[in-house]
Structure formats: C-alpha cells, structure tokens
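The file input-v3.txt contains compact mmCIF, C-alpha atoms (C1' of nucleotides):
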```
# COMPACT_ATOMS: atom_id res chain seq x y z
CA MET C 1 100.41 106.72 71.40
CA THR C 2 98.33 106.01 74.45
CA ALA C 3 97.18 109.37 75.69
CA PRO C 4 98.56 109.24 79.23
CA ARG C 5 95.90 109.56 81.90
CA THR C 6 96.45 112.56 84.10
CA HIS C 7 97.30 110.24 86.93
CA GLY C 8 98.34 106.74 86.06
CA PRO C 9 98.62 104.02 88.66
CA ARG C 10 102.32 104.56 88.98
CA GLU C 11 102.00 108.21 89.93
CA ARG C 12 99.20 107.38 92.28
CA MET C 13 101.40 104.89 94.09
CA VAL C 14 104.22 107.38 94.48
CA PHE C 15 101.78 109.92 95.81
CA ALA C 16 100.16 107.44 98.16
CA ALA C 17 103.58 106.43 99.45
CA ALA C 18 104.40 110.03 100.23
CA GLN C 19 101.11 110.43 102.05
CA LEU C 20 101.61 107.36 104.18
CA ILE C 21 105.25 108.11 104.89
CA ARG C 22 104.50 111.56 106.15
CA ARG C 23 101.92 110.16 108.50
CA ASP C 24 103.47 106.91 109.75
CA GLY C 25 107.12 107.15 108.80
CA VAL C 26 108.98 104.94 106.37
CA GLY C 27 109.20 101.82 108.47
CA ALA C 28 105.52 101.64 109.30
CA THR C 29 104.48 102.18 105.70
CA GLY C 30 103.81 98.88 103.99
CA MET C 31 103.80 98.17 100.30
CA ARG C 32 100.37 96.61 100.52
CA ASP C 33 99.08 99.76 102.19
CA VAL C 34 100.48 101.91 99.43
CA ALA C 35 98.80 99.88 96.73
CA ALA C 36 95.50 99.92 98.58
CA ARG C 37 95.68 103.65 99.22
CA ALA C 38 96.46 104.31 95.57
CA GLU C 39 93.66 102.00 94.51
CA ALA C 40 96.27 100.33 92.40
CA PRO C 41 96.75 96.61 91.92
CA ARG C 42 99.26 95.06 94.24
CA GLY C 43 100.87 93.26 91.35
CA SER C 44 101.82 96.57 89.78
CA LEU C 45 104.26 97.35 92.55
CA GLN C 46 106.91 94.99 91.36
CA HIS C 47 106.20 95.99 87.80
CA TYR C 48 106.64 99.73 88.23
CA PHE C 49 109.14 99.57 91.05
CA PRO C 50 111.45 96.65 90.41
CA GLY C 51 113.80 98.24 92.92
CA GLY C 52 111.30 97.42 95.62
CA LYS C 53 110.37 99.56 98.57
CA GLU C 54 113.63 101.43 98.44
CA GLN C 55 112.87 102.73 94.97
CA LEU C 56 109.30 103.60 95.83
CA VAL C 57 110.29 105.51 98.94
CA ASN C 58 113.03 107.36 97.12
CA GLU C 59 110.67 108.43 94.37
CA ALA C 60 108.10 109.56 96.89
CA VAL C 61 110.69 111.66 98.70
CA THR C 62 112.03 113.12 95.48
CA TRP C 63 108.53 113.94 94.36
CA ALA C 64 107.80 115.67 97.66
CA GLY C 65 110.90 117.83 97.27
CA ARG C 66 109.91 118.92 93.81
CA TYR C 67 106.41 119.63 95.01
CA ALA C 68 107.71 121.88 97.76
CA GLY C 69 109.90 123.68 95.27
CA LYS C 70 107.02 124.39 92.93
CA ARG C 71 104.96 125.79 95.75
CA ILE C 72 107.66 128.38 96.39
CA ASP C 73 107.15 129.83 92.94
CA ARG C 74 103.40 129.86 93.42
CA TYR C 75 103.73 131.62 96.76
CA LEU C 76 106.12 134.16 95.35
CA ALA C 77 103.70 135.01 92.56
CA ALA C 78 100.79 135.39 94.96
CA LEU C 79 102.47 137.51 97.62
CA PRO C 80 100.42 140.60 98.46
CA GLU C 81 103.53 142.44 99.63
CA PRO C 82 106.72 140.92 98.22
CA THR C 83 109.06 140.61 101.17
CA PRO C 84 111.11 137.66 102.44
CA GLY C 85 109.14 137.67 105.66
CA ALA C 86 105.87 137.43 103.80
CA LEU C 87 107.21 134.50 101.81
CA PHE C 88 108.15 132.67 104.97
CA ALA C 89 104.75 133.45 106.42
CA ALA C 90 103.15 131.93 103.35
CA MET C 91 105.17 128.76 103.86
CA THR C 92 104.22 128.41 107.50
CA LYS C 93 100.61 129.36 106.81
CA GLN C 94 100.26 126.38 104.53
CA TRP C 95 101.13 124.11 107.43
CA ILE C 96 99.04 125.99 109.94
CA ASP C 97 96.02 125.71 107.67
CA GLU C 98 96.62 122.04 107.09
CA PHE C 99 97.05 121.26 110.77
CA GLU C 100 93.89 123.13 111.61
CA ALA C 101 91.96 121.46 108.85
CA THR C 102 93.10 117.86 109.17
CA GLY C 103 94.83 117.61 112.52
CA PHE C 104 98.42 116.97 113.43
CA GLY C 105 98.66 113.46 112.08
CA THR C 106 100.76 114.27 109.04
CA GLY C 107 104.12 115.97 108.73
CA CYS C 108 106.82 116.33 106.11
CA PRO C 109 107.69 113.15 104.23
CA VAL C 110 111.25 114.29 103.61
CA ALA C 111 111.81 114.76 107.30
CA ALA C 112 110.36 111.32 107.95
CA ALA C 113 112.65 109.71 105.42
CA THR C 114 115.65 111.57 106.81
CA VAL C 115 114.96 110.34 110.30
CA ASP C 116 114.05 106.79 109.33
CA SER C 117 116.54 105.80 106.70
CA THR C 118 119.54 108.10 106.70
CA ALA C 119 121.60 105.61 108.62
CA SER C 120 120.41 102.44 106.95
CA THR C 121 119.79 103.26 103.30
CA PRO C 122 122.37 105.34 101.43
CA SER C 123 120.18 105.83 98.41
CA ALA C 124 117.39 107.16 100.60
CA ARG C 125 119.74 109.62 102.19
CA GLU C 126 120.66 110.83 98.73
CA ALA C 127 117.00 111.19 97.91
CA THR C 128 116.41 113.37 100.94
CA ALA C 129 119.40 115.52 100.02
CA THR C 130 118.11 116.11 96.51
CA ALA C 131 114.63 116.72 97.87
CA PHE C 132 115.87 119.45 100.15
CA ALA C 133 117.89 120.82 97.25
CA SER C 134 114.91 121.05 94.94
CA TRP C 135 113.16 122.91 97.70
CA SER C 136 116.04 125.19 98.58
CA THR C 137 117.01 126.17 95.05
CA PRO C 138 113.73 127.86 94.07
CA LEU C 139 113.57 129.41 97.50
CA THR C 140 116.99 130.95 97.07
CA ALA C 141 115.97 132.26 93.66
CA ALA C 142 112.80 133.71 95.12
CA LEU C 143 114.75 135.49 97.82
CA THR C 144 117.05 137.15 95.30
CA THR C 145 113.96 138.27 93.44
CA LEU C 146 112.87 139.88 96.69
CA ASP C 147 116.05 141.95 96.83
CA VAL C 148 118.02 139.68 99.10
CA PRO C 149 121.70 139.85 98.11
CA PRO C 150 122.75 136.73 96.19
CA THR C 151 125.50 136.10 98.72
CA ARG C 152 122.98 136.01 101.53
CA ALA C 153 120.07 134.26 99.88
CA PRO C 154 121.28 130.62 100.20
CA ALA C 155 121.93 131.04 103.90
CA LEU C 156 118.50 132.52 104.49
CA ALA C 157 116.91 129.70 102.51
CA THR C 158 118.64 127.18 104.74
CA LEU C 159 117.49 129.10 107.80
CA MET C 160 113.90 129.23 106.59
CA ILE C 161 113.68 125.55 105.74
CA SER C 162 115.39 124.51 108.96
CA THR C 163 113.14 126.61 111.10
CA LEU C 164 110.02 125.49 109.27
CA GLU C 165 110.90 121.81 109.57
CA GLY C 166 111.66 122.15 113.24
CA ALA C 167 108.49 124.08 113.91
CA ILE C 168 106.51 121.37 112.14
CA LEU C 169 108.02 118.85 114.54
CA LEU C 170 107.19 120.95 117.58
CA SER C 171 103.68 121.65 116.39
CA ARG C 172 102.97 117.98 115.84
CA ALA C 173 104.44 117.06 119.20
CA GLN C 174 102.36 119.51 121.17
CA GLU C 175 99.38 119.40 118.83
CA SER C 176 99.31 123.13 118.47
CA THR C 177 100.10 125.56 115.71
CA THR C 178 101.75 127.89 118.21
CA PRO C 179 105.34 126.96 117.33
CA LEU C 180 104.69 127.66 113.66
CA MET C 181 103.13 131.01 114.46
CA THR C 182 105.87 131.88 116.93
CA VAL C 183 108.78 131.23 114.60
CA THR C 184 107.03 133.19 111.88
CA LYS C 185 106.63 136.17 114.14
CA GLU C 186 110.19 136.00 115.41
CA LEU C 187 111.89 135.42 112.12
CA THR C 188 110.04 137.99 110.02
CA PRO C 189 112.01 141.06 111.12
CA LEU C 190 115.31 139.34 110.47
CA LEU C 191 114.21 138.22 107.03
CA ASN C 192 112.87 141.60 106.02
CA ALA C 193 115.98 143.36 107.30
CA SER C 194 118.13 141.40 104.89
CA THR C 195 117.06 143.15 101.70
CA THR C 196 119.09 145.73 99.82
CA PRO C 197 116.45 148.23 98.73
CA MET J 1 118.60 99.77 151.05
CA THR J 2 120.26 98.44 147.97
CA ALA J 3 122.92 100.91 147.05
CA PRO J 4 121.79 101.46 143.47
CA ARG J 5 124.45 100.78 140.87
CA THR J 6 125.23 103.85 138.87
CA HIS J 7 123.61 102.25 135.88
CA GLY J 8 121.28 99.37 136.38
CA PRO J 9 120.06 97.24 133.53
CA ARG J 10 116.84 99.17 133.35
CA GLU J 11 118.54 102.48 132.78
CA ARG J 12 120.88 100.90 130.28
CA MET J 13 117.94 99.65 128.28
CA VAL J 14 116.29 103.06 128.22
CA PHE J 15 119.53 104.60 127.13
CA ALA J 16 120.14 101.96 124.49
CA ALA J 17 116.63 102.46 123.17
CA ALA J 18 117.27 106.17 122.79
CA GLN J 19 120.49 105.47 120.97
CA LEU J 20 118.91 103.08 118.54
CA ILE J 21 115.86 105.23 117.98
CA ARG J 22 117.89 108.26 117.09
CA ARG J 23 119.80 106.23 114.53
CA ASP J 24 117.16 103.99 112.98
CA GLY J 25 113.84 105.50 114.02
CA VAL J 26 111.24 103.92 116.25
CA GLY J 27 109.87 101.37 113.82
CA ALA J 28 113.22 99.91 112.90
CA THR J 29 114.31 99.60 116.50
CA GLY J 30 113.62 96.13 117.84
CA MET J 31 113.29 95.08 121.43
CA ARG J 32 115.86 92.35 120.97
CA ASP J 33 118.29 94.93 119.62
CA VAL J 34 117.75 97.14 122.63
CA ALA J 35 118.49 94.33 125.06
CA ALA J 36 121.58 93.32 123.14
CA ARG J 37 122.86 96.88 122.93
CA ALA J 38 122.30 97.39 126.64
CA GLU J 39 123.99 94.09 127.38
CA ALA J 40 120.89 93.33 129.36
CA PRO J 41 119.01 90.07 129.45
CA ARG J 42 116.13 89.85 127.03
CA GLY J 43 113.89 88.51 129.74
CA SER J 44 114.27 91.74 131.66
CA LEU J 45 112.38 93.65 129.05
CA GLN J 46 108.99 92.37 130.02
CA HIS J 47 109.94 92.66 133.65
CA TYR J 48 110.98 96.29 133.66
CA PHE J 49 108.69 97.40 130.88
CA PRO J 50 105.42 95.54 131.24
CA GLY J 51 103.90 98.17 128.98
CA GLY J 52 105.95 96.73 126.16
CA LYS J 53 107.70 98.65 123.46
CA GLU J 54 105.41 101.62 123.85
CA GLN J 55 106.53 102.15 127.40
CA LEU J 56 110.19 101.66 126.58
CA VAL J 57 110.06 104.15 123.72
CA ASN J 58 108.19 106.69 125.79
CA GLU J 59 110.73 106.47 128.58
CA ALA J 60 113.59 106.80 126.15
CA VAL J 61 112.04 109.90 124.64
CA THR J 62 111.30 111.42 128.01
CA TRP J 63 114.82 110.69 129.14
CA ALA J 64 116.23 112.36 126.05
CA GLY J 65 114.20 115.47 126.73
CA ARG J 66 115.46 115.73 130.27
CA TYR J 67 119.00 115.15 129.08
CA ALA J 68 118.72 118.02 126.62
CA GLY J 69 117.33 120.25 129.34
CA LYS J 70 120.21 119.52 131.68
CA ARG J 71 122.70 120.31 128.98
CA ILE J 72 121.24 123.79 128.71
CA ASP J 73 122.19 124.56 132.26
CA ARG J 74 125.65 123.18 131.71
CA TYR J 75 126.12 125.29 128.60
CA LEU J 76 124.87 128.38 130.34
CA ALA J 77 127.36 127.94 133.13
CA ALA J 78 130.23 127.43 130.72
CA LEU J 79 129.56 130.30 128.35
CA PRO J 80 132.66 132.44 127.81
CA GLU J 81 130.52 135.47 126.94
CA PRO J 82 127.00 135.12 128.25
CA THR J 83 124.77 136.08 125.33
CA PRO J 84 121.76 134.30 123.79
CA GLY J 85 123.64 133.92 120.54
CA ALA J 86 126.52 132.23 122.30
CA LEU J 87 124.11 129.84 123.98
CA PHE J 88 122.61 128.87 120.65
CA ALA J 89 126.09 128.45 119.23
CA ALA J 90 126.92 126.10 122.08
CA MET J 91 123.85 124.01 121.26
CA THR J 92 124.67 123.73 117.59
CA LYS J 93 128.34 123.15 118.31
CA GLN J 94 127.46 120.03 120.23
CA TRP J 95 125.87 118.59 117.11
CA ILE J 96 128.57 119.80 114.79
CA ASP J 97 131.18 118.12 116.94
CA GLU J 98 129.22 114.92 117.13
CA PHE J 99 128.61 114.78 113.40
CA GLU J 100 132.26 115.39 112.69
CA ALA J 101 133.33 112.80 115.22
CA THR J 102 130.92 109.98 114.52
CA GLY J 103 129.27 110.78 111.21
CA PHE J 104 125.74 111.66 110.32
CA GLY J 105 124.14 108.40 111.27
CA THR J 106 122.45 109.61 114.42
CA GLY J 107 120.00 112.44 114.99
CA CYS J 108 117.60 113.52 117.69
CA PRO J 109 115.52 110.72 119.23
CA VAL J 110 112.67 113.06 120.06
CA ALA J 111 112.41 114.12 116.45
CA ALA J 112 112.44 110.48 115.40
CA ALA J 113 109.64 109.61 117.79
CA THR J 114 107.63 112.61 116.67
CA VAL J 115 107.87 111.60 113.05
CA ASP J 116 107.34 107.90 113.62
CA SER J 117 104.60 107.66 116.15
CA THR J 118 102.71 110.91 116.49
CA ALA J 119 99.89 109.64 114.34
CA SER J 120 99.74 106.09 115.63
CA THR J 121 100.52 106.21 119.34
CA PRO J 122 98.90 108.90 121.48
CA SER J 123 101.05 108.18 124.50
CA ALA J 124 104.18 108.55 122.40
CA ARG J 125 103.01 111.90 121.14
CA GLU J 126 102.53 112.99 124.73
CA ALA J 127 106.03 111.80 125.51
CA THR J 128 107.48 113.92 122.71
CA ALA J 129 105.53 116.93 123.94
CA THR J 130 106.87 116.60 127.47
CA ALA J 131 110.34 115.96 126.10
CA PHE J 132 110.30 119.19 124.16
CA ALA J 133 108.90 120.91 127.23
CA SER J 134 111.69 119.72 129.48
CA TRP J 135 114.08 121.05 126.92
CA SER J 136 112.32 124.34 126.36
CA THR J 137 111.73 125.22 129.99
CA PRO J 138 115.37 125.41 131.09
CA LEU J 139 116.21 127.13 127.84
CA THR J 140 113.64 129.82 128.52
CA ALA J 141 114.99 130.26 132.02
CA ALA J 142 118.51 130.52 130.66
CA LEU J 143 117.45 133.20 128.22
CA THR J 144 115.92 135.32 130.94
CA THR J 145 119.16 134.95 132.85
CA LEU J 146 120.86 136.36 129.77
CA ASP J 147 118.72 139.50 129.93
CA VAL J 148 116.07 138.44 127.49
CA PRO J 149 112.72 139.91 128.58
CA PRO J 150 110.52 137.24 130.14
CA THR J 151 107.79 137.98 127.62
CA ARG J 152 110.13 137.25 124.77
CA ALA J 153 112.11 134.33 126.15
CA PRO J 154 109.61 131.52 125.47
CA ALA J 155 109.25 132.56 121.86
CA LEU J 156 112.99 132.65 121.36
CA ALA J 157 113.33 129.24 122.97
CA THR J 158 110.82 127.85 120.51
CA LEU J 159 112.69 129.50 117.67
CA MET J 160 116.02 128.10 118.80
CA ILE J 161 114.79 124.55 119.23
CA SER J 162 112.88 124.61 115.96
CA THR J 163 115.82 125.91 114.00
CA LEU J 164 118.22 123.49 115.63
CA GLU J 165 116.01 120.48 114.97
CA GLY J 166 115.51 121.48 111.35
CA ALA J 167 119.19 122.11 110.84
CA ILE J 168 119.95 118.67 112.25
CA LEU J 169 117.64 117.19 109.63
CA LEU J 170 119.27 119.15 106.82
CA SER J 171 122.75 118.31 108.01
CA ARG J 172 121.99 114.61 108.13
CA ALA J 173 120.36 114.70 104.72
CA GLN J 174 123.27 116.37 102.99
CA GLU J 175 125.90 114.85 105.23
CA SER J 176 127.39 118.21 106.01
CA THR J 177 127.55 120.45 109.03
CA THR J 178 126.98 123.48 106.84
CA PRO J 179 123.29 123.90 107.69
CA LEU J 180 124.07 123.90 111.39
CA MET J 181 126.82 126.47 110.93
CA THR J 182 124.68 128.58 108.64
CA VAL J 183 121.70 128.85 110.95
CA THR J 184 124.01 129.67 113.83
CA LYS J 185 125.58 132.50 111.91
CA GLU J 186 122.26 133.85 110.69
CA LEU J 187 120.39 133.62 113.95
CA THR J 188 123.03 135.01 116.27
CA PRO J 189 122.42 138.70 115.55
CA LEU J 190 118.70 138.32 116.08
CA LEU J 191 119.20 136.52 119.36
CA ASN J 192 121.72 138.98 120.70
CA ALA J 193 119.56 141.92 119.69
CA SER J 194 116.77 140.69 121.91
CA THR J 195 118.36 141.52 125.25
CA THR J 196 117.46 144.46 127.44
CA PRO J 197 120.81 145.60 128.82
C1' DT S 1 94.14 85.00 63.97
C1' DG S 2 98.19 84.79 66.57
C1' DC S 3 102.35 86.64 68.47
C1' DG S 4 104.27 89.78 71.94
C1' DC S 5 104.32 93.13 75.24
C1' DT S 6 102.48 95.58 79.15
C1' DC S 7 100.05 95.10 83.05
C1' DT S 8 97.58 92.52 86.72
C1' DA S 9 96.47 88.65 90.02
C1' DT S 10 97.50 85.64 93.67
C1' DG S 11 99.61 82.61 96.62
C1' DA S 12 103.73 81.19 98.91
C1' DC S 13 108.20 81.78 101.33
C1' DG S 14 111.43 83.13 104.68
C1' DG S 15 112.31 86.44 108.11
C1' DC S 16 111.73 89.49 111.73
C1' DC S 17 108.78 91.43 115.09
C1' DG S 18 106.38 92.11 119.81
C1' DT S 19 104.44 89.39 123.07
C1' DC S 20 103.41 85.61 126.02
C1' DA S 21 104.10 81.24 128.89
C1' DT S 22 106.80 78.89 131.69
C1' DA S 23 110.47 78.02 134.16
C1' DA S 24 114.88 78.37 136.46
C1' DT S 25 117.89 81.15 139.18
C1' DA S 26 119.44 84.86 142.38
C1' DC S 27 118.87 87.46 146.24
C1' DT S 28 116.59 89.42 150.43
C1' DG S 29 114.52 89.37 154.90
C1' DG S 30 113.11 86.43 158.71
C1' DC U 1 118.34 77.60 156.28
C1' DC U 2 113.97 78.75 154.36
C1' DA U 3 110.30 81.43 152.00
C1' DG U 4 109.27 84.65 148.85
C1' DT U 5 110.14 88.07 145.77
C1' DA U 6 112.97 89.97 142.05
C1' DT U 7 115.24 88.94 138.14
C1' DT U 8 116.67 86.22 134.20
C1' DA U 9 116.25 82.46 130.56
C1' DT U 10 114.22 80.44 126.65
C1' DG U 11 111.18 78.78 123.44
C1' DA U 12 106.94 79.30 121.05
C1' DC U 13 103.09 81.77 118.77
C1' DG U 14 100.66 84.58 115.65
C1' DG U 15 101.12 88.37 112.61
C1' DC U 16 102.89 91.34 109.38
C1' DC U 17 106.43 92.39 106.18
C1' DG U 18 109.01 92.63 101.49
C1' DT U 19 109.86 89.76 97.92
C1' DC U 20 109.43 86.26 94.58
C1' DA U 21 107.24 82.82 91.29
C1' DT U 22 103.93 81.88 88.33
C1' DA U 23 100.19 82.49 85.68
C1' DG U 24 96.54 84.99 83.76
C1' DA U 25 94.30 89.04 81.27
C1' DG U 26 94.15 92.98 78.04
C1' DC U 27 95.58 94.80 73.87
C1' DG U 28 98.13 96.66 69.72
C1' DC U 29 99.89 95.11 65.51
C1' DA U 30 101.11 92.28 61.65
```

Mind turning the file's structure into structure tokens?
Amino acid sequence: MTAPRTHGPRERMVFAAAQLIRRDGVGATGMRDVAARAEAPRGSLQHYFPGGKEQLVNEAVTWAGRYAGKRIDRYLAALPEPTPGALFAAMTKQWIDEFEATGFGTGCPVAAATVDSTASTPSAREATATAFASWSTPLTAALTTLDVPPTRAPALATLMISTLEGAILLSRAQESTTPLMTVTKELTPLLNASTTP
Amino acid sequence: MTAPRTHGPRERMVFAAAQLIRRDGVGATGMRDVAARAEAPRGSLQHYFPGGKEQLVNEAVTWAGRYAGKRIDRYLAALPEPTPGALFAAMTKQWIDEFEATGFGTGCPVAAATVDSTASTPSAREATATAFASWSTPLTAALTTLDVPPTRAPALATLMISTLEGAILLSRAQESTTPLMTVTKELTPLLNASTTP
DNA sequence: TGCGCTCTATGACGGCCGTCATAATACTGG
DNA sequence: CCAGTATTATGACGGCCGTCATAGAGCGCA
C-alpha cells in the first residue's frame, strides 16, 4: 500500500485550478497554467482528469465548497462570544484579512464558476449548486447551535452567504474592504435578534 | 445634424456585449458574436471601438451600471407603499420575474466583469467600480427620500446591492428563485426599521 | 528477468480568438 | 458632380487553447 503523500499531484492540480479560477475566472484559466501552478506534469492532466477541463473545474468548485463548509465549523468553535452576528463577522473577517494581505486580485471560485459556466455547462452548474450546499448546510447547523430556531436557520444561512458573496464582489470592484465591513455592521443586529434565548 | 436613430449600430453592439457577458462571462464572449448578435457589421467593431475588446467590455459594463441606476428611480416612483423594504422587494422581483420568464442562464454583467477581469484588466476593474457607483448613488438618494437618515442610507444601499448580487448567484447556481425570495423576506424588516418617521 | 500497470513526456492538430491590413462603399458638405 | 470622411467588408496572421496520439519511464510482483 503506497502511503499516500499528504498532497499528491492530483490534489495539487485541483487546488491550483481553484486558485486560478478565483483569480482569472474559468475561461481565462488554462490547463497548462494549472499544471504549471501545481508543479505537476502536464501529461498527468489527461490521466487524472479524463473528463478534461470540465471535470477539473467541477472538482475544484466542489472542493472549494467543502472547504468553505469546514471553515464554518472552525469559526464556530473559535467564537469568543457565540452569536450569529459574531459568526458572520468571522466569515467576513477572513475576506477582509485576505484582501488586506494579498490585494483584491482573488475572489470566490464558486462565484466565478457560477458566472462563467452556468449557462454553458450543466455539470458545472450542478457543481456550483452542491458547492453552495456544502457551505450552507454546516452554516445552518451552526446557526441552530447558536439558538437560532431551526425554521429560521436555513433562511439566515442563505442571507449570510448571499450578502457575503455580494460584498466580495463590491469590495473587489472598488478595491476596498468597506463593503465587507459595512454589511457586517448592518447585518449583525438582525442576526443577533433572531435567537430564541 | 444627423437625426440620430434611436439605436445606432454602436449602441446595439454595446448592448449585445452586455447581454452576452451576463450570460457567458467576459472571456467566453467573442467580438464576432457581439457583432452578430447586434446585427452589426463586423468591420464596425474596430471603427467604433478602436480600443478593442477592452473598450467594448468597459462600455457595456458602464452602460449596465447606468441602466441599473435608472431603474431605481423608476421603481421608487412606482412603489405602492413607499418603504425601503418595498424598494428592495421591487429590485429582487425584477430578477425573480426574469428568471421565471427566461430561465437562469443570464445574470448580472457587472458581476461577471468583476469576476472575470478584476485581476487582469485594471481599466475593467475601474469600469465595474463606476458601474456599481452609478447603481448605488441613486439607490442611496432613493433611500433618503424614503426617510432613511442620510448617515445610514449609503450603508443600506451597499447592503442591498451586496445581498441582491449574492442572491442572484445563489439563484442561478441552484436554478431556483428561492434565494432571492428568502433574502427579500429576511431583509425587509431590517430595512423598514431604519426609517426616521 | 519480464510482464503489466500507473504515471509522465511531448509534439501535433484543429479551432477559435482578437487584431490588423486593405479595400470597397456610402454619405455629407461644397 | 466631386472630394473627403464615415462606415462597412473581408481575408489573413499569429497566438493560445483543449484535446489527442504516441511513446517513454518507473515500479511492484511473480
């Protein structure tokens, strides 16, 4: 049994694809670029992804969705004061920090895939749907943990993800973290008012 | 003075570009497609847009922003009950209706340009910023008309646009208007509570 | 040692893209 | 009618893309 390296070439390519997609969009991301970025041999692309670019992109998007979902649990565990508003602030803070650290060149890969290939590639659209689902599901669970009524939690999760995604767009467009900070400030009272103590 | 036709070929090309961009993204939108869609001669592209695709895309994005801004005023004038929540509902309703009528194949061209060319094309990023601005400015003005304090109105405008853009993404991804309806329902109380009667 | 499987290497192919060069045509003002 | 500008027409060029074909390594196992 070959002890699997922590990150084999295949995983690296999926990760690299997600990185490039979130910066340049799906269309402008080339297979050759992905291989180079992953420091993986170009010949491995057709070996690991016989479905071609479509498969690679879909896996990258799916991976990104799962990644976002896992972060929710981590945030929830690390909240100083466990309120829905604080959870949302943790989500936006991640993006604020990243924008401040590395600039506004990179956004959300799921959003990029939604915009670029919803109309043209049915399987990609499915991938974005499942990605948002694997983000929304843990978020909904986290909200119920924070005393949000189960009937309300899914709606608030949708609201939080929508607002965050939109604020990411605005922040990138105007190269400022202000939109992210603004929506956090404005949404916090609403979120915190939704608990049943 | 040449009485200008209501829609000259140049305008048609800008409009067609916006249409294609919002469906396929910037990268997947070809110049030849734009000319064909606009029923305009291909040779006119380099004549009206010597700056090439970059110029055409930027104009399409700018146009889309102004279009969105004008719609705000129209909505405001047509509101049955003039409240911020009702205004937001009118904005989301437009998208709900469009999705139900023509499917989920088309989104917001400004969002598409933001995702596709923020990192690669500085002038395009500027175009998205001004587009969002020409959307946000009339919205802020409309909110103050609706008795939102001037200090609060810009923040609420940012919140509304962010949430709407994100909900458009989610709706396209899961091919359902539910996200748009959900965020409307959840945000309305907050918006209406922000007025000073 | 030799077979077989996984993985890599590399070049070629066809296609589409944005752009340019070069005209021909339409239209306006004199 | 003529000159000149605005517009349109069309083909070509170089470049990048995703994909395929083909062959070559590396390696476990009998």

Within 8 Å of chain S: each chain J residue with its shortest pair, only C-alpha atoms (C1' of nucleotides), as JSON lines:
```
{"residue": "J:Gly30", "atom": "CA", "partner": "S:DC17", "partner_atom": "C1'", "distance": 7.3}
{"residue": "J:Met31", "atom": "CA", "partner": "S:DG18", "partner_atom": "C1'", "distance": 7.7}
{"residue": "J:Gly52", "atom": "CA", "partner": "S:DG18", "partner_atom": "C1'", "distance": 7.9}
{"residue": "J:Lys53", "atom": "CA", "partner": "S:DG18", "partner_atom": "C1'", "distance": 7.6}
```

- Could the residues of chain J within 9 Å of chain C, counting only C-alpha atoms, be given as a count of residues only, please? 58

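Residues from chain J found within 12 Å of chain U are J:Pro9, J:Arg10, J:Ala40, J:Pro41, J:Arg42, J:Gly43, J:Ser44, J:Leu45, J:Gln46, J:His47, J:Tyr48, counting only C-alpha atoms (C1' of nucleotides).
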
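When CA of Val14 in chain C is paired with CA of Glu59 in chain C, their separation reads 6.5 Å.
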
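Counting from CA of Ala64 in chain C, the distance to CA of Thr102 in chain C is 18.8 Å.
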
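One distance worth recording is that between CA of Pro150 in chain J and CA of Pro197 in chain J, which is 13.3 Å.
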
- Message: Which residues are near Gly69 in chain C? Cut-off 7 Å, only C-alpha atoms (C1' of nucleotides), ignore same chain within fewer than 5 positions. Put them as a PyMOL selection string.
- Response: chain C and resi 134-135+138

- Might you pull out every residue within 8 Å of Tyr75 in chain C, with only C-alpha atoms (C1' of nucleotides) counted and same-chain residues fewer than 6 positions away left off, and present them as a ChimeraX atom specification? /C:87,90-91

Please write a file for range 7-43 of chain C, taken from the block I just shared, that holds C-alpha atoms and is laid out as a CSV table (one decimal), in the first residue's frame.
```
chain,number,residue,atom,x,y,z
C,7,HIS,CA,-0.7,16.2,-1.2
C,8,GLY,CA,-0.4,14.1,-4.4
C,9,PRO,CA,-0.2,15.7,-7.8
C,10,ARG,CA,-3.9,15.2,-8.4
C,11,GLU,CA,-4.9,17.2,-5.3
C,12,ARG,CA,-2.4,19.9,-6.1
C,13,MET,CA,-3.9,20.3,-9.5
C,14,VAL,CA,-7.4,20.6,-8.1
C,15,PHE,CA,-6.2,23.2,-5.7
C,16,ALA,CA,-4.2,25.1,-8.3
C,17,ALA,CA,-7.3,25.2,-10.5
C,18,ALA,CA,-9.4,26.7,-7.7
C,19,GLN,CA,-6.7,29.3,-7.1
C,20,LEU,CA,-6.5,30.3,-10.8
C,21,ILE,CA,-10.3,30.2,-11.3
C,22,ARG,CA,-10.9,32.5,-8.4
C,23,ARG,CA,-8.4,35.0,-9.8
C,24,ASP,CA,-9.0,34.9,-13.5
C,25,GLY,CA,-12.3,33.1,-13.9
C,26,VAL,CA,-13.0,29.8,-15.6
C,27,GLY,CA,-12.5,30.8,-19.2
C,28,ALA,CA,-9.1,32.5,-18.7
C,29,THR,CA,-7.8,29.6,-16.7
C,30,GLY,CA,-5.8,27.2,-18.9
C,31,MET,CA,-5.0,23.6,-18.3
C,32,ARG,CA,-1.3,24.3,-18.9
C,33,ASP,CA,-1.4,27.0,-16.3
C,34,VAL,CA,-3.0,24.7,-13.8
C,35,ALA,CA,-0.3,22.0,-14.3
C,36,ALA,CA,2.5,24.6,-14.0
C,37,ARG,CA,1.0,26.2,-10.9
C,38,ALA,CA,0.6,22.8,-9.3
C,39,GLU,CA,4.2,21.9,-10.3
C,40,ALA,CA,2.6,18.8,-11.8
C,41,PRO,CA,3.4,17.2,-15.1
C,42,ARG,CA,1.2,18.3,-18.0
C,43,GLY,CA,0.8,14.7,-19.0
```
